[in-house]
file entry12.pdb (PDB, C-alpha atoms and all ligand atoms)
ATOM      1  CA  MET O  37     123.460 -40.460 -16.452
ATOM      2  CA  SER O  38     125.022 -37.616 -18.437
ATOM      3  CA  ASP O  39     121.732 -36.026 -19.503
ATOM      4  CA  LEU O  40     120.028 -36.438 -16.102
ATOM      5  CA  LYS O  41     120.969 -32.957 -14.799
ATOM      6  CA  PRO O  42     119.292 -31.068 -17.693
ATOM      7  CA  TYR O  43     116.318 -33.452 -17.431
ATOM      8  CA  LEU O  44     115.960 -32.669 -13.696
ATOM      9  CA  ALA O  45     116.259 -28.930 -14.375
ATOM     10  CA  GLU O  46     113.609 -29.105 -17.099
ATOM     11  CA  ARG O  47     111.197 -31.107 -14.894
ATOM     12  CA  CYS O  48     111.802 -28.735 -11.993
ATOM     13  CA  ALA O  49     111.016 -25.726 -14.223
ATOM     14  CA  PHE O  50     107.896 -27.492 -15.600
ATOM     15  CA  THR O  51     106.646 -28.153 -12.031
ATOM     16  CA  ASP O  52     107.471 -24.629 -10.826
ATOM     17  CA  SER O  53     105.639 -23.006 -13.704
ATOM     18  CA  LEU O  54     102.553 -25.173 -13.120
ATOM     19  CA  LEU O  55     102.620 -24.514  -9.354
ATOM     20  CA  ASP O  56     102.843 -20.796 -10.063
ATOM     21  CA  GLN O  57      99.675 -21.014 -12.186
ATOM     22  CA  LEU O  58      97.783 -23.231  -9.731
ATOM     23  CA  ILE O  59      98.501 -21.537  -6.374
ATOM     24  CA  PRO O  60      96.567 -18.283  -5.828
ATOM     25  CA  SER O  61      98.788 -15.244  -6.449
ATOM     26  CA  ALA O  62     100.402 -13.431  -3.531
ATOM     27  CA  ASP O  63      97.992 -10.501  -3.889
ATOM     28  CA  THR O  64      94.842 -12.653  -3.820
ATOM     29  CA  ALA O  65      92.882 -11.830  -0.650
ATOM     30  CA  PRO O  66      93.568 -12.709   2.071
ATOM     31  CA  ALA O  67      97.077 -11.930   0.853
ATOM     32  CA  THR O  68      98.941 -13.108   3.978
ATOM     33  CA  ILE O  69      97.971 -16.747   3.579
ATOM     34  CA  HIS O  70      98.884 -16.850  -0.116
ATOM     35  CA  LYS O  71     102.212 -15.138   0.601
ATOM     36  CA  ALA O  72     102.912 -17.740   3.312
ATOM     37  CA  MET O  73     101.987 -20.683   1.053
ATOM     38  CA  ARG O  74     104.170 -19.322  -1.742
ATOM     39  CA  HIS O  75     107.029 -18.545   0.654
ATOM     40  CA  SER O  76     107.380 -22.247   1.476
ATOM     41  CA  VAL O  77     106.468 -23.740  -1.912
ATOM     42  CA  PHE O  78     108.945 -21.524  -3.793
ATOM     43  CA  ALA O  79     111.774 -21.706  -1.245
ATOM     44  CA  GLY O  80     113.932 -23.948  -3.467
ATOM     45  CA  GLY O  81     112.851 -27.560  -2.920
ATOM     46  CA  LYS O  82     114.341 -30.213  -5.178
ATOM     47  CA  ARG O  83     110.902 -31.269  -6.522
ATOM     48  CA  LEU O  84     111.845 -34.966  -6.206
ATOM     49  CA  ARG O  85     108.265 -36.125  -5.723
ATOM     50  CA  PRO O  86     106.858 -34.263  -8.771
ATOM     51  CA  ILE O  87     109.814 -35.468 -10.867
ATOM     52  CA  LEU O  88     109.133 -39.080  -9.822
ATOM     53  CA  CYS O  89     105.408 -38.619 -10.548
ATOM     54  CA  LEU O  90     106.105 -37.315 -14.073
ATOM     55  CA  ALA O  91     108.713 -40.027 -14.768
ATOM     56  CA  ALA O  92     106.345 -42.775 -13.571
ATOM     57  CA  ALA O  93     103.642 -41.477 -15.915
ATOM     58  CA  GLU O  94     106.043 -41.570 -18.852
ATOM     59  CA  ALA O  95     107.286 -45.074 -17.977
ATOM     60  CA  CYS O  96     103.623 -46.166 -18.296
ATOM     61  CA  GLY O  97     103.258 -44.475 -21.697
ATOM     62  CA  GLY O  98     101.578 -41.289 -20.393
ATOM     63  CA  THR O  99     102.498 -37.611 -20.642
ATOM     64  CA  LYS O 100     103.890 -35.021 -18.258
ATOM     65  CA  GLU O 101     100.950 -32.769 -19.167
ATOM     66  CA  ALA O 102      98.366 -35.293 -17.901
ATOM     67  CA  ALA O 103     100.457 -36.015 -14.773
ATOM     68  CA  GLY O 104     101.196 -32.317 -14.071
ATOM     69  CA  PRO O 105      98.343 -31.578 -11.624
ATOM     70  CA  ALA O 106      99.136 -34.742  -9.616
ATOM     71  CA  ALA O 107     102.829 -33.772  -9.562
ATOM     72  CA  CYS O 108     101.861 -30.365  -8.122
ATOM     73  CA  ALA O 109      99.485 -32.029  -5.649
ATOM     74  CA  VAL O 110     102.245 -34.167  -4.116
ATOM     75  CA  GLU O 111     104.544 -31.132  -3.846
ATOM     76  CA  CYS O 112     101.791 -29.166  -2.047
ATOM     77  CA  LEU O 113     101.182 -32.061   0.360
ATOM     78  CA  HIS O 114     104.943 -32.433   0.951
ATOM     79  CA  THR O 115     105.341 -28.687   1.618
ATOM     80  CA  TYR O 116     102.421 -28.745   4.070
ATOM     81  CA  SER O 117     104.130 -31.566   5.989
ATOM     82  CA  LEU O 118     107.414 -29.624   6.105
ATOM     83  CA  ILE O 119     105.712 -26.416   7.363
ATOM     84  CA  HIS O 120     103.975 -28.325  10.183
ATOM     85  CA  ASP O 121     107.062 -30.414  10.947
ATOM     86  CA  ASP O 122     109.096 -27.206  11.456
ATOM     87  CA  LEU O 123     106.658 -25.693  14.003
ATOM     88  CA  PRO O 124     107.839 -25.090  17.588
ATOM     89  CA  SER O 125     105.492 -27.848  18.805
ATOM     90  CA  MET O 126     107.168 -30.344  16.457
ATOM     91  CA  ASP O 127     110.813 -30.048  15.302
ATOM     92  CA  ASN O 128     111.113 -26.305  16.019
ATOM     93  CA  ASP O 129     113.324 -25.458  13.035
ATOM     94  CA  ASP O 130     114.262 -21.906  12.050
ATOM     95  CA  PHE O 131     115.411 -22.674   8.508
ATOM     96  CA  ARG O 132     114.088 -24.896   5.730
ATOM     97  CA  ARG O 133     115.253 -25.064   2.125
ATOM     98  CA  GLY O 134     117.855 -22.422   3.028
ATOM     99  CA  VAL O 135     115.343 -19.753   4.052
ATOM    100  CA  PRO O 136     113.578 -18.916   7.341
ATOM    101  CA  THR O 137     110.709 -21.334   8.061
ATOM    102  CA  CYS O 138     107.112 -20.283   7.465
ATOM    103  CA  HIS O 139     106.360 -19.703  11.165
ATOM    104  CA  LYS O 140     109.526 -17.606  11.591
ATOM    105  CA  VAL O 141     108.349 -15.220   8.861
ATOM    106  CA  PHE O 142     104.555 -15.279   9.316
ATOM    107  CA  GLY O 143     104.031 -16.516  12.898
ATOM    108  CA  ASP O 144     102.771 -19.886  14.160
ATOM    109  CA  GLY O 145      99.069 -19.311  13.427
ATOM    110  CA  ILE O 146      99.536 -18.383   9.772
ATOM    111  CA  ALA O 147     102.056 -21.242   9.327
ATOM    112  CA  VAL O 148      99.508 -23.791  10.612
ATOM    113  CA  LEU O 149      96.923 -22.331   8.234
ATOM    114  CA  ALA O 150      99.356 -22.234   5.270
ATOM    115  CA  GLY O 151      99.997 -25.957   5.821
ATOM    116  CA  ASP O 152      96.252 -26.631   6.095
ATOM    117  CA  ALA O 153      95.536 -24.682   2.909
ATOM    118  CA  LEU O 154      98.313 -26.490   0.986
ATOM    119  CA  GLN O 155      96.929 -29.846   2.076
ATOM    120  CA  ALA O 156      93.435 -28.825   0.867
ATOM    121  CA  LEU O 157      94.929 -27.497  -2.394
ATOM    122  CA  ALA O 158      96.645 -30.858  -2.972
ATOM    123  CA  PHE O 159      93.221 -32.537  -3.141
ATOM    124  CA  GLU O 160      91.808 -29.782  -5.372
ATOM    125  CA  LEU O 161      94.732 -30.298  -7.775
ATOM    126  CA  VAL O 162      94.738 -34.088  -7.866
ATOM    127  CA  VAL O 163      91.141 -34.160  -9.141
ATOM    128  CA  LYS O 164      92.266 -32.143 -12.184
ATOM    129  CA  THR O 165      93.920 -35.350 -13.442
ATOM    130  CA  PRO O 166      91.976 -36.621 -16.459
ATOM    131  CA  ALA O 167      90.221 -39.939 -15.655
ATOM    132  CA  THR O 168      91.473 -43.022 -17.519
ATOM    133  CA  ALA O 169      89.842 -46.362 -18.260
ATOM    134  CA  ARG O 170      91.392 -47.921 -15.120
ATOM    135  CA  HIS O 171      91.575 -44.996 -12.658
ATOM    136  CA  THR O 172      88.895 -42.483 -11.651
ATOM    137  CA  ALA O 173      89.435 -39.123  -9.922
ATOM    138  CA  GLY O 174      88.065 -40.813  -6.785
ATOM    139  CA  ASP O 175      90.839 -43.428  -6.947
ATOM    140  CA  LEU O 176      93.480 -40.680  -7.045
ATOM    141  CA  VAL O 177      91.877 -38.804  -4.129
ATOM    142  CA  ARG O 178      91.745 -42.008  -2.083
ATOM    143  CA  GLU O 179      95.428 -42.746  -2.803
ATOM    144  CA  LEU O 180      96.469 -39.259  -1.654
ATOM    145  CA  ALA O 181      94.140 -39.272   1.380
ATOM    146  CA  VAL O 182      95.339 -42.627   2.718
ATOM    147  CA  THR O 183      98.964 -41.512   2.433
ATOM    148  CA  ALA O 184      98.280 -38.152   4.111
ATOM    149  CA  GLY O 185      96.436 -39.725   7.026
ATOM    150  CA  SER O 186      96.971 -41.555  10.287
ATOM    151  CA  LEU O 187      98.241 -44.756   8.665
ATOM    152  CA  HIS O 188     101.148 -43.082   6.835
ATOM    153  CA  LEU O 189     102.391 -39.428   7.008
ATOM    154  CA  VAL O 190     100.607 -38.488  10.227
ATOM    155  CA  GLY O 191     101.166 -41.968  11.699
ATOM    156  CA  GLY O 192     104.893 -41.784  10.911
ATOM    157  CA  GLN O 193     105.089 -38.342  12.493
ATOM    158  CA  VAL O 194     103.326 -39.599  15.654
ATOM    159  CA  ALA O 195     105.770 -42.510  15.930
ATOM    160  CA  ASP O 196     108.632 -40.044  15.442
ATOM    161  CA  LEU O 197     107.325 -37.664  18.148
ATOM    162  CA  GLU O 198     106.779 -40.534  20.585
ATOM    163  CA  GLY O 199     110.234 -41.954  19.865
ATOM    164  CA  GLU O 200     112.061 -38.676  20.532
ATOM    165  CA  GLY O 201     115.028 -39.071  22.881
ATOM    166  CA  LYS O 202     114.705 -42.865  22.898
ATOM    167  CA  LYS O 203     116.978 -45.389  21.264
ATOM    168  CA  LEU O 204     114.460 -47.141  19.017
ATOM    169  CA  PRO O 205     114.809 -50.683  17.673
ATOM    170  CA  LEU O 206     115.487 -50.916  13.932
ATOM    171  CA  GLU O 207     111.893 -52.024  13.110
ATOM    172  CA  ALA O 208     110.512 -48.890  14.810
ATOM    173  CA  LEU O 209     112.908 -46.630  12.893
ATOM    174  CA  ARG O 210     112.027 -48.408   9.661
ATOM    175  CA  PHE O 211     108.316 -47.812  10.401
ATOM    176  CA  ILE O 212     108.968 -44.067  10.776
ATOM    177  CA  HIS O 213     111.030 -43.878   7.572
ATOM    178  CA  GLU O 214     108.531 -45.925   5.571
ATOM    179  CA  ASN O 215     105.630 -43.741   6.662
ATOM    180  CA  LYS O 216     107.211 -40.272   6.872
ATOM    181  CA  THR O 217     109.271 -40.572   3.708
ATOM    182  CA  ALA O 218     108.692 -43.643   1.532
ATOM    183  CA  ALA O 219     104.875 -43.466   1.581
ATOM    184  CA  LEU O 220     104.676 -40.091  -0.201
ATOM    185  CA  LEU O 221     107.405 -41.017  -2.693
ATOM    186  CA  THR O 222     105.411 -44.164  -3.466
ATOM    187  CA  THR O 223     102.148 -42.251  -3.854
ATOM    188  CA  SER O 224     103.905 -39.781  -6.166
ATOM    189  CA  MET O 225     104.829 -42.705  -8.412
ATOM    190  CA  LYS O 226     101.387 -44.287  -8.242
ATOM    191  CA  LEU O 227      99.531 -41.039  -9.039
ATOM    192  CA  GLY O 228     101.788 -40.614 -12.090
ATOM    193  CA  GLY O 229     100.971 -44.176 -13.130
ATOM    194  CA  MET O 230      97.232 -43.614 -12.598
ATOM    195  CA  SER O 231      97.304 -40.533 -14.840
ATOM    196  CA  ALA O 232      98.751 -42.843 -17.533
ATOM    197  CA  ASN O 233      96.161 -45.639 -17.195
ATOM    198  CA  ALA O 234      98.750 -47.972 -15.579
ATOM    199  CA  THR O 235      97.954 -51.699 -15.479
ATOM    200  CA  PRO O 236      97.781 -53.532 -12.118
ATOM    201  CA  GLU O 237     101.232 -55.004 -12.845
ATOM    202  CA  GLN O 238     102.688 -51.536 -13.528
ATOM    203  CA  MET O 239     101.042 -50.137 -10.367
ATOM    204  CA  GLN O 240     102.642 -52.899  -8.285
ATOM    205  CA  ALA O 241     106.037 -52.141  -9.847
ATOM    206  CA  LEU O 242     105.669 -48.412  -9.082
ATOM    207  CA  HIS O 243     104.698 -49.273  -5.504
ATOM    208  CA  ASP O 244     107.754 -51.529  -5.041
ATOM    209  CA  PHE O 245     110.050 -48.945  -6.648
ATOM    210  CA  GLY O 246     108.683 -46.116  -4.478
ATOM    211  CA  MET O 247     109.001 -48.020  -1.202
ATOM    212  CA  ALA O 248     112.553 -49.180  -1.950
ATOM    213  CA  THR O 249     113.884 -45.810  -3.195
ATOM    214  CA  GLY O 250     112.006 -43.950  -0.447
ATOM    215  CA  LEU O 251     113.630 -46.015   2.286
ATOM    216  CA  ALA O 252     117.051 -45.799   0.586
ATOM    217  CA  PHE O 253     116.609 -42.007   0.316
ATOM    218  CA  GLN O 254     115.901 -41.705   4.047
ATOM    219  CA  ILE O 255     118.812 -43.990   5.006
ATOM    220  CA  ILE O 256     121.123 -41.787   2.900
ATOM    221  CA  ASP O 257     119.617 -38.775   4.710
ATOM    222  CA  ASP O 258     120.520 -40.419   8.032
ATOM    223  CA  ILE O 259     124.059 -41.114   6.778
ATOM    224  CA  LEU O 260     124.505 -37.493   5.620
ATOM    225  CA  ASP O 261     123.183 -36.317   8.985
ATOM    226  CA  VAL O 262     126.057 -38.144  10.671
ATOM    227  CA  THR O 263     128.855 -37.486   8.162
ATOM    228  CA  GLN O 264     127.975 -33.850   7.400
ATOM    229  CA  THR O 265     127.315 -32.921  11.032
ATOM    230  CA  SER O 266     130.614 -34.517  12.010
ATOM    231  CA  GLU O 267     132.463 -32.588   9.298
ATOM    232  CA  LYS O 268     130.702 -29.347  10.213
ATOM    233  CA  LEU O 269     131.351 -29.665  13.917
ATOM    234  CA  GLY O 270     134.846 -31.063  13.472
ATOM    235  CA  LYS O 271     134.123 -34.059  15.656
ATOM    236  CA  SER O 272     134.457 -37.744  14.969
ATOM    237  CA  ALA O 273     131.595 -39.680  13.395
ATOM    238  CA  GLY O 274     131.931 -42.100  16.293
ATOM    239  CA  LYS O 275     130.636 -39.457  18.680
ATOM    240  CA  ASP O 276     127.475 -38.955  16.598
ATOM    241  CA  LEU O 277     127.045 -42.660  16.145
ATOM    242  CA  ALA O 278     126.981 -43.036  19.895
ATOM    243  CA  SER O 279     124.355 -40.298  20.343
ATOM    244  CA  GLU O 280     120.817 -41.126  21.497
ATOM    245  CA  LYS O 281     119.212 -40.060  18.183
ATOM    246  CA  SER O 282     117.808 -43.084  16.357
ATOM    247  CA  THR O 283     119.228 -43.235  12.852
ATOM    248  CA  TYR O 284     120.317 -46.127  10.652
ATOM    249  CA  PRO O 285     124.040 -45.379  11.233
ATOM    250  CA  ALA O 286     123.463 -45.156  15.001
ATOM    251  CA  LEU O 287     121.707 -48.536  15.031
ATOM    252  CA  ILE O 288     123.634 -50.619  12.480
ATOM    253  CA  GLY O 289     126.738 -48.526  11.663
ATOM    254  CA  LEU O 290     127.737 -46.478   8.612
ATOM    255  CA  ASP O 291     128.955 -49.345   6.409
ATOM    256  CA  ALA O 292     125.883 -51.516   6.992
ATOM    257  CA  SER O 293     123.667 -48.451   6.351
ATOM    258  CA  ARG O 294     125.404 -47.825   3.017
ATOM    259  CA  ASP O 295     125.037 -51.526   2.120
ATOM    260  CA  GLU O 296     121.322 -51.401   2.939
ATOM    261  CA  ALA O 297     120.803 -48.297   0.759
ATOM    262  CA  HIS O 298     122.579 -50.084  -2.126
ATOM    263  CA  ARG O 299     120.503 -53.243  -1.576
ATOM    264  CA  LEU O 300     117.263 -51.238  -1.661
ATOM    265  CA  THR O 301     118.350 -49.463  -4.857
ATOM    266  CA  GLN O 302     118.867 -52.881  -6.441
ATOM    267  CA  VAL O 303     115.341 -53.864  -5.323
ATOM    268  CA  ALA O 304     114.102 -50.677  -7.032
ATOM    269  CA  HIS O 305     115.961 -51.588 -10.241
ATOM    270  CA  ASP O 306     114.527 -55.124 -10.171
ATOM    271  CA  SER O 307     110.988 -53.782  -9.841
ATOM    272  CA  LEU O 308     111.392 -51.908 -13.147
ATOM    273  CA  LYS O 309     111.727 -55.008 -15.329
ATOM    274  CA  VAL O 310     108.059 -54.767 -16.308
ATOM    275  CA  PHE O 311     108.770 -51.431 -18.071
ATOM    276  CA  GLY O 312     111.636 -52.640 -20.283
ATOM    277  CA  GLU O 313     113.332 -49.697 -22.046
ATOM    278  CA  ASN O 314     110.627 -47.297 -20.799
ATOM    279  CA  GLY O 315     111.979 -47.725 -17.254
ATOM    280  CA  GLN O 316     115.395 -46.249 -18.102
ATOM    281  CA  ARG O 317     114.694 -42.792 -16.653
ATOM    282  CA  LEU O 318     113.419 -44.332 -13.406
ATOM    283  CA  ARG O 319     116.592 -46.472 -13.188
ATOM    284  CA  GLU O 320     118.661 -43.299 -13.487
ATOM    285  CA  LEU O 321     116.543 -41.551 -10.855
ATOM    286  CA  ALA O 322     117.032 -44.430  -8.381
ATOM    287  CA  ASP O 323     120.818 -44.161  -8.871
ATOM    288  CA  TYR O 324     120.635 -40.377  -8.506
ATOM    289  CA  LEU O 325     118.757 -40.638  -5.194
ATOM    290  CA  LEU O 326     121.408 -43.064  -3.957
ATOM    291  CA  SER O 327     124.314 -40.818  -4.993
ATOM    292  CA  ARG O 328     122.892 -37.654  -3.260
ATOM    293  CA  ASP O 329     125.618 -35.333  -4.580
ATOM    294  CA  TYR O 330     123.075 -32.534  -4.958
TER     295      TYR O 330
HETATM  296  C1  LIG G 401     101.921 -34.574   8.923
HETATM  297  C2  LIG G 401     103.089 -32.718  10.173
HETATM  298  C3  LIG G 401     103.153 -33.945   9.383
HETATM  299  C4  LIG G 401     104.322 -34.433   9.090
HETATM  300  C5  LIG G 401     104.460 -35.636   8.298
HETATM  301  C6  LIG G 401     106.721 -35.991   6.069
HETATM  302  C7  LIG G 401     106.738 -35.520   7.468
HETATM  303  C8  LIG G 401     105.824 -36.153   8.419
HETATM  304  C9  LIG G 401     107.549 -34.559   7.888
HETATM  305  C10 LIG G 401     108.512 -33.895   7.029
HETATM  306  C11 LIG G 401     109.810 -33.712   7.703
HETATM  307  C12 LIG G 401     110.871 -34.625   7.265
HETATM  308  C13 LIG G 401     112.257 -34.218   7.584
HETATM  309  C14 LIG G 401     110.585 -35.771   6.630
HETATM  310  C15 LIG G 401     111.549 -36.719   6.156
HETATM  311  C16 LIG G 401     111.497 -36.745   4.687
HETATM  312  C17 LIG G 401     112.469 -35.815   4.094
HETATM  313  C18 LIG G 401     113.886 -36.218   3.971
HETATM  314  C19 LIG G 401     112.014 -34.642   3.693
HETATM  315  C20 LIG G 401     112.834 -33.701   2.940
HETATM  316  O1  LIG G 401     112.598 -34.009   1.594
HETATM  317  P1  LIG G 401     113.469 -33.395   0.448
HETATM  318  O2  LIG G 401     114.930 -33.647   0.715
HETATM  319  O3  LIG G 401     113.190 -31.837   0.659
HETATM  320  O4  LIG G 401     112.929 -33.886  -0.848
HETATM  321  P2  LIG G 401     112.981 -30.659  -0.408
HETATM  322  O5  LIG G 401     113.083 -29.413   0.426
HETATM  323  O6  LIG G 401     114.047 -30.735  -1.459
HETATM  324  O7  LIG G 401     111.612 -30.841  -0.993
END
call {"tool": "encode", "arguments": {"input": "entry12.pdb", "output": "structure tokens"}}
result
Amino acid sequence: MSDLKPYLAERCAFTDSLLDQLIPSADTAPATIHKAMRHSVFAGGKRLRPILCLAAAEACGGTKEAAGPAACAVECLHTYSLIHDDLPSMDNDDFRRGVPTCHKVFGDGIAVLAGDALQALAFELVVKTPATARHTAGDLVRELAVTAGSLHLVGGQVADLEGEGKKLPLEALRFIHENKTAALLTTSMKLGGMSANATPEQMQALHDFGMATGLAFQIIDDILDVTQTSEKLGKSAGKDLASEKSTYPALIGLDASRDEAHRLTQVAHDSLKVFGENGQRLRELADYLLSRDY
């Protein structure tokens, strides 16, 4: 994995430069909304979804240039979901990506609108993907729309809101993680594949890879929530594990959570067999998501 760090940096820079060209400049009227959109998009996200989109395209024999608009689309949709998730009526967070949240800087109204505008922009960008023999612009729009809607991102958020303060069963937590997190990672992969004229077999592999790494990613997030909070607060992990918040470690313990993340990463690796050597970068990315030393 020695050359993964420069690869990630290069893909991040590629995505940032494209986003900078595709999002209206901060002085485009009405300036406030474009400043707010740019505040959140350029706040220092890791660009995991665009990187997965570009890597999926290349595994299918495509190019990062053809996949670029779709990569930017998934980042815009992701940033919209973060802006809305941080609002006082949802998670009420003051900081995101190390900077004050959109509503803290621009107020709740503009933050709602910045999220709305980024979601609309995501659809405008995804249709810039050149059509291929197997996938039309309409297919890409449908893929993004289904993931953004009530069956996935919004549905996962509703289940999360309704589960607040309750100790959920594992299946309910898995539903939230699959829909809030894994669904958009999976769509990022599939849009990359569609830009590269992926075969039905390749699309299925990208789906399986996205769901497995997405769930592993969220389980690791849950684990870090427990271990890092415990370190930060100087209290024992056992205290957090006993808290009412539903997380994988709280429900099945830290060791079983780590085992499950490893098992899912193996599922992701297995799904890549169809790509042969071309799947190498995706194998490295699955291991990187599991290691989370970034
Ligand atoms: C539709 C309002 C609405 C919400 C949808 C996706 C979602 C539900 C909310 C986002 C909030 C959240 C904490 C989701 C879990 C997924 C996750 C770990 C997001 C953070 O992703 P990273 O680590 O973040 O890739 P960066 O900042 O690097 O992009």
call {"tool": "closest_residue", "arguments": {"input": "entry12.pdb", "among": "O:Leu242, O:Leu118, O:Val262, O:Leu318", "to": "ligand LIG 401 (chain G)", "atoms": "all atoms listed in the file"}}
result
O:Leu118
call {"tool": "residues_around", "arguments": {"input": "entry12.pdb", "residues": "O:His188", "least_positions_apart": "3", "cutoff": "9 Å", "atoms": "only C-alpha atoms", "output": "number ranges by chain"}}
result
O: 182-185, 191-193, 212, 214-216, 219-220
call {"tool": "axis_aligned_box", "arguments": {"input": "entry12.pdb", "around": "stretch 153-171 of chain O", "padding_each_side": "8 Å", "output": "JSON"}}
result
{"center_x": 94.1, "center_y": -36.3, "center_z": -7.7, "size_x": 24.5, "size_y": 39.2, "size_z": 37.2}
call {"tool": "closest_atom_pairs", "arguments": {"input": "entry12.pdb", "of": "chain O", "to": "ligand LIG 401 (chain G)", "cutoff": "9 Å", "atoms": "all atoms listed in the file", "output": "JSON lines"}}
result
{"residue": "O:Val77", "atom": "CA", "partner": "G:LIG401", "partner_atom": "O7", "distance": 8.8}
{"residue": "O:Ala79", "atom": "CA", "partner": "G:LIG401", "partner_atom": "O5", "distance": 8.0}
{"residue": "O:Gly80", "atom": "CA", "partner": "G:LIG401", "partner_atom": "O5", "distance": 6.8}
{"residue": "O:Gly81", "atom": "CA", "partner": "G:LIG401", "partner_atom": "O6", "distance": 3.7}
{"residue": "O:Lys82", "atom": "CA", "partner": "G:LIG401", "partner_atom": "O6", "distance": 3.8}
{"residue": "O:Arg83", "atom": "CA", "partner": "G:LIG401", "partner_atom": "O7", "distance": 5.6}
{"residue": "O:Leu84", "atom": "CA", "partner": "G:LIG401", "partner_atom": "O4", "distance": 5.6}
{"residue": "O:Arg85", "atom": "CA", "partner": "G:LIG401", "partner_atom": "O4", "distance": 7.1}
{"residue": "O:Glu111", "atom": "CA", "partner": "G:LIG401", "partner_atom": "O7", "distance": 7.6}
{"residue": "O:Leu113", "atom": "CA", "partner": "G:LIG401", "partner_atom": "C6", "distance": 8.9}
{"residue": "O:His114", "atom": "CA", "partner": "G:LIG401", "partner_atom": "C6", "distance": 6.5}
{"residue": "O:Thr115", "atom": "CA", "partner": "G:LIG401", "partner_atom": "O7", "distance": 7.1}
{"residue": "O:Tyr116", "atom": "CA", "partner": "G:LIG401", "partner_atom": "C2", "distance": 7.3}
{"residue": "O:Ser117", "atom": "CA", "partner": "G:LIG401", "partner_atom": "C4", "distance": 4.2}
{"residue": "O:Leu118", "atom": "CA", "partner": "G:LIG401", "partner_atom": "C10", "distance": 4.5}
{"residue": "O:Ile119", "atom": "CA", "partner": "G:LIG401", "partner_atom": "C2", "distance": 7.4}
{"residue": "O:His120", "atom": "CA", "partner": "G:LIG401", "partner_atom": "C2", "distance": 4.5}
{"residue": "O:Asp121", "atom": "CA", "partner": "G:LIG401", "partner_atom": "C2", "distance": 4.7}
{"residue": "O:Asp122", "atom": "CA", "partner": "G:LIG401", "partner_atom": "C11", "distance": 7.5}
{"residue": "O:Leu123", "atom": "CA", "partner": "G:LIG401", "partner_atom": "C2", "distance": 8.8}
{"residue": "O:Met126", "atom": "CA", "partner": "G:LIG401", "partner_atom": "C2", "distance": 7.9}
{"residue": "O:Asp127", "atom": "CA", "partner": "G:LIG401", "partner_atom": "C11", "distance": 8.5}
{"residue": "O:Arg132", "atom": "CA", "partner": "G:LIG401", "partner_atom": "O5", "distance": 7.0}
{"residue": "O:Arg133", "atom": "CA", "partner": "G:LIG401", "partner_atom": "O5", "distance": 5.1}
{"residue": "O:Gly134", "atom": "CA", "partner": "G:LIG401", "partner_atom": "O5", "distance": 8.9}
{"residue": "O:Gly151", "atom": "CA", "partner": "G:LIG401", "partner_atom": "C2", "distance": 8.6}
{"residue": "O:Ala184", "atom": "CA", "partner": "G:LIG401", "partner_atom": "C1", "distance": 7.0}
{"residue": "O:Gly185", "atom": "CA", "partner": "G:LIG401", "partner_atom": "C1", "distance": 7.8}
{"residue": "O:Ser186", "atom": "CA", "partner": "G:LIG401", "partner_atom": "C1", "distance": 8.7}
{"residue": "O:His188", "atom": "CA", "partner": "G:LIG401", "partner_atom": "C5", "distance": 8.3}
{"residue": "O:Leu189", "atom": "CA", "partner": "G:LIG401", "partner_atom": "C5", "distance": 4.5}
{"residue": "O:Val190", "atom": "CA", "partner": "G:LIG401", "partner_atom": "C1", "distance": 4.3}
{"residue": "O:Gly191", "atom": "CA", "partner": "G:LIG401", "partner_atom": "C5", "distance": 7.9}
{"residue": "O:Gly192", "atom": "CA", "partner": "G:LIG401", "partner_atom": "C8", "distance": 6.2}
{"residue": "O:Gln193", "atom": "CA", "partner": "G:LIG401", "partner_atom": "C8", "distance": 4.7}
{"residue": "O:Val194", "atom": "CA", "partner": "G:LIG401", "partner_atom": "C8", "distance": 8.4}
{"residue": "O:Asp196", "atom": "CA", "partner": "G:LIG401", "partner_atom": "C8", "distance": 8.5}
{"residue": "O:Ile212", "atom": "CA", "partner": "G:LIG401", "partner_atom": "C8", "distance": 8.8}
{"residue": "O:His213", "atom": "CA", "partner": "G:LIG401", "partner_atom": "C15", "distance": 7.3}
{"residue": "O:Asn215", "atom": "CA", "partner": "G:LIG401", "partner_atom": "C8", "distance": 7.8}
{"residue": "O:Lys216", "atom": "CA", "partner": "G:LIG401", "partner_atom": "C6", "distance": 4.4}
{"residue": "O:Thr217", "atom": "CA", "partner": "G:LIG401", "partner_atom": "C16", "distance": 4.5}
{"residue": "O:Ala218", "atom": "CA", "partner": "G:LIG401", "partner_atom": "C16", "distance": 8.1}
{"residue": "O:Ala219", "atom": "CA", "partner": "G:LIG401", "partner_atom": "C6", "distance": 8.9}
{"residue": "O:Leu220", "atom": "CA", "partner": "G:LIG401", "partner_atom": "C6", "distance": 7.8}
{"residue": "O:Gly250", "atom": "CA", "partner": "G:LIG401", "partner_atom": "C16", "distance": 8.9}
{"residue": "O:Phe253", "atom": "CA", "partner": "G:LIG401", "partner_atom": "C18", "distance": 7.4}
{"residue": "O:Gln254", "atom": "CA", "partner": "G:LIG401", "partner_atom": "C18", "distance": 5.8}
{"residue": "O:Asp257", "atom": "CA", "partner": "G:LIG401", "partner_atom": "C18", "distance": 6.3}
{"residue": "O:Asp258", "atom": "CA", "partner": "G:LIG401", "partner_atom": "C18", "distance": 8.8}
call {"tool": "residues_near_point", "arguments": {"input": "entry12.pdb", "point": "(109.0, -44.4, -10.7)", "cutoff": "9 Å", "atoms": "all atoms listed in the file", "output": "list in words"}}
result
Ile87, Leu88, Cys89, Leu90, Ala91, Ala92, Ala93, Ala95, Leu221, Thr222, Ser224, Met225, Lys226, Gly228, Gly229, Ala241, Leu242, His243, Phe245, Gly246, Ala304, Leu308, Gly315, Arg317, Leu318, Arg319, Leu321 and Ala322 of chain O
call {"tool": "residues_around", "arguments": {"input": "entry12.pdb", "residues": "O:Arg328", "least_positions_apart": "2", "cutoff": "9 Å", "atoms": "only C-alpha atoms", "output": "VMD selection string"}}
result
chain O and resid 253 256 to 257 323 to 326 330
